[in-house]
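Take a look at the structure set out below.
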Amino acid sequence: MSQPENEEGRGRPPIAQPLGALPPTVLTSLPLQEQTHRLELLGDWVAWLTDRYRLDHRTIPPCWPKHGELIEELAALHLAWEAAYGQLAHGDAPLLWHEHFNLARERLGDAVARSGCRGAQHRR
């Protein structure tokens, strides 16, 4: 049996084990500095997600932070991931997260298609 992939070997530190999820937050209700901080944290997780699951620009384009719809979907997905992999999560929580992830990938792809963004070209 081979060893699992080590993200460190690809120039990206491994993602940390979450303690659990914070309560859901409306990002735009936070002060600008906190919004920026939360987007940076989300960006780290999105970078891990796109690498780990080999997602391309048709699912999550490089310009995703410029699209509110994508921010909301990814923030919700991240929150669910933290809950699914948190210390108090039930054993089937990661499996349920993957079911939600599959649905989210479809919504993300639809949103990207509507945006007109292609590869590194932002269109809106």
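Identifiers in the structure tokens: chain A, B, ... in order shown; residue index from 1 per chain; ligand index from 1 in order shown.
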Q.
I want to know what sits within 10 Å of range 38-51 of chain A, based on only C-alpha atoms, with residues of the same chain fewer than 4 positions away left out; could you give that as number ranges by chain?
A. A: 7, 10, 12-16, 27, 30, 32-34, 55-57, 59-62, 64-65, 71, 74-75, 77-79
Create the file for the chosen residues now, containing N, CA and C atoms and written as a JSON list (two decimals), in the first residue's frame.
[["chain", "number", "residue", "atom", "x", "y", "z"],
["A", 7, "GLU", "N", 1.03, 16.95, 0.86],
["A", 7, "GLU", "CA", 0.92, 18.25, 0.23],
["A", 7, "GLU", "C", 2.18, 19.09, 0.43],
["A", 10, "ARG", "N", 4.49, 19.23, -2.43],
["A", 10, "ARG", "CA", 4.04, 20.01, -3.60],
["A", 10, "ARG", "C", 4.04, 21.50, -3.30],
["A", 12, "ARG", "N", 2.82, 23.13, -0.71],
["A", 12, "ARG", "CA", 1.67, 23.63, 0.06],
["A", 12, "ARG", "C", 1.63, 22.90, 1.39],
["A", 13, "PRO", "N", 1.55, 23.64, 2.50],
["A", 13, "PRO", "CA", 1.50, 22.97, 3.80],
["A", 13, "PRO", "C", 0.19, 22.18, 3.94],
["A", 14, "PRO", "N", 0.21, 21.11, 4.71],
["A", 14, "PRO", "CA", -1.02, 20.35, 4.89],
["A", 14, "PRO", "C", -2.06, 21.18, 5.63],
["A", 15, "ILE", "N", -3.30, 20.88, 5.37],
["A", 15, "ILE", "CA", -4.40, 21.59, 6.02],
["A", 15, "ILE", "C", -4.50, 21.10, 7.47],
["A", 16, "ALA", "N", -4.83, 22.00, 8.37],
["A", 16, "ALA", "CA", -4.92, 21.65, 9.79],
["A", 16, "ALA", "C", -6.25, 20.96, 10.11],
["A", 27, "LEU", "N", -20.87, 37.29, 5.88],
["A", 27, "LEU", "CA", -19.57, 37.94, 5.71],
["A", 27, "LEU", "C", -19.69, 39.46, 5.60],
["A", 30, "LEU", "N", -19.76, 41.86, 8.70],
["A", 30, "LEU", "CA", -18.56, 42.06, 9.50],
["A", 30, "LEU", "C", -17.84, 43.35, 9.09],
["A", 32, "LEU", "N", -14.91, 45.62, 7.64],
["A", 32, "LEU", "CA", -14.10, 45.35, 6.45],
["A", 32, "LEU", "C", -12.82, 44.58, 6.76],
["A", 33, "GLN", "N", -12.14, 44.93, 7.83],
["A", 33, "GLN", "CA", -10.89, 44.24, 8.20],
["A", 33, "GLN", "C", -11.15, 42.76, 8.50],
["A", 34, "GLU", "N", -12.25, 42.47, 9.18],
["A", 34, "GLU", "CA", -12.60, 41.08, 9.49],
["A", 34, "GLU", "C", -13.03, 40.33, 8.23],
["A", 55, "LEU", "N", -9.62, 20.28, -8.78],
["A", 55, "LEU", "CA", -10.66, 21.09, -9.40],
["A", 55, "LEU", "C", -10.01, 22.10, -10.35],
["A", 56, "ASP", "N", -10.62, 22.35, -11.45],
["A", 56, "ASP", "CA", -10.05, 23.31, -12.38],
["A", 56, "ASP", "C", -10.89, 24.58, -12.44],
["A", 57, "HIS", "N", -10.52, 25.49, -13.35],
["A", 57, "HIS", "CA", -11.16, 26.80, -13.45],
["A", 57, "HIS", "C", -12.64, 26.73, -13.82],
["A", 59, "THR", "N", -14.72, 24.90, -12.28],
["A", 59, "THR", "CA", -15.42, 24.75, -11.00],
["A", 59, "THR", "C", -15.11, 25.91, -10.07],
["A", 60, "ILE", "N", -13.82, 26.23, -9.94],
["A", 60, "ILE", "CA", -13.40, 27.36, -9.11],
["A", 60, "ILE", "C", -12.33, 28.14, -9.89],
["A", 61, "PRO", "N", -12.73, 29.25, -10.51],
["A", 61, "PRO", "CA", -11.76, 30.03, -11.27],
["A", 61, "PRO", "C", -10.86, 30.84, -10.33],
["A", 62, "PRO", "N", -9.69, 31.26, -10.83],
["A", 62, "PRO", "CA", -8.80, 32.06, -9.99],
["A", 62, "PRO", "C", -9.45, 33.35, -9.49],
["A", 64, "TRP", "N", -12.41, 33.70, -8.27],
["A", 64, "TRP", "CA", -13.57, 33.42, -7.41],
["A", 64, "TRP", "C", -13.82, 34.49, -6.35],
["A", 65, "PRO", "N", -12.78, 35.14, -5.76],
["A", 65, "PRO", "CA", -13.09, 36.15, -4.75],
["A", 65, "PRO", "C", -13.82, 37.38, -5.29],
["A", 71, "ILE", "N", -18.19, 33.09, -3.45],
["A", 71, "ILE", "CA", -17.74, 33.27, -2.06],
["A", 71, "ILE", "C", -18.73, 32.62, -1.11],
["A", 74, "LEU", "N", -18.60, 28.74, -1.40],
["A", 74, "LEU", "CA", -17.36, 28.19, -0.83],
["A", 74, "LEU", "C", -17.30, 28.38, 0.68],
["A", 75, "ALA", "N", -17.81, 29.50, 1.17],
["A", 75, "ALA", "CA", -17.82, 29.72, 2.62],
["A", 75, "ALA", "C", -18.73, 28.70, 3.30],
["A", 77, "LEU", "N", -19.49, 25.72, 2.13],
["A", 77, "LEU", "CA", -18.83, 24.43, 1.98],
["A", 77, "LEU", "C", -17.71, 24.29, 3.01],
["A", 78, "HIS", "N", -16.98, 25.36, 3.23],
["A", 78, "HIS", "CA", -15.90, 25.35, 4.22],
["A", 78, "HIS", "C", -16.44, 25.15, 5.62],
["A", 79, "LEU", "N", -17.50, 25.85, 5.95],
["A", 79, "LEU", "CA", -18.13, 25.71, 7.26],
["A", 79, "LEU", "C", -18.59, 24.26, 7.49]]
Q: Tell me, as a ChimeraX atom specification, which residues lie within 9 Å of range 20-22 of chain A, counting only C-alpha atoms; anything in the same chain fewer than 4 positions away does not count.
A: /A:78-89
Q) What is the CA of Arg54 in chain A to CA of Pro94 in chain A distance in Å? A)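 Taking CA of Arg54 in chain A and CA of Pro94 in chain A, their separation equals 18.2 Å.
For the atom pair formed by CA of Ala120 in chain A and CA of Gln35 in chain A, the distance is 24.0 Å, given to one decimal.
Note that CA of Pro18 in chain A and CA of Gly109 in chain A are 26.5 Å apart.
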Q: For each of A:Arg52, A:His90, A:Arg118, A:His100, take the minimum atom-to-atom distance to Ala76 in chain A, counting only C-alpha atoms, then give the residue where this is smallest.
A: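 Of the candidates, the smallest distance to Ala76 in chain A is held by A:His100.
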Q) Nearest to His67 in chain A: which of A:Glu106, A:Gly116, A:Pro23, A:Trp97 is it, counting only C-alpha atoms? A)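 Ranking A:Glu106, A:Gly116, A:Pro23, A:Trp97 by distance to His67 in chain A, first place goes to A:Gly116.
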Q: Can you check which residues of range 11-120 of chain A DSSP gives as alpha helix (DSSP H) on the backbone and send them as a count of residues only?
A: 61
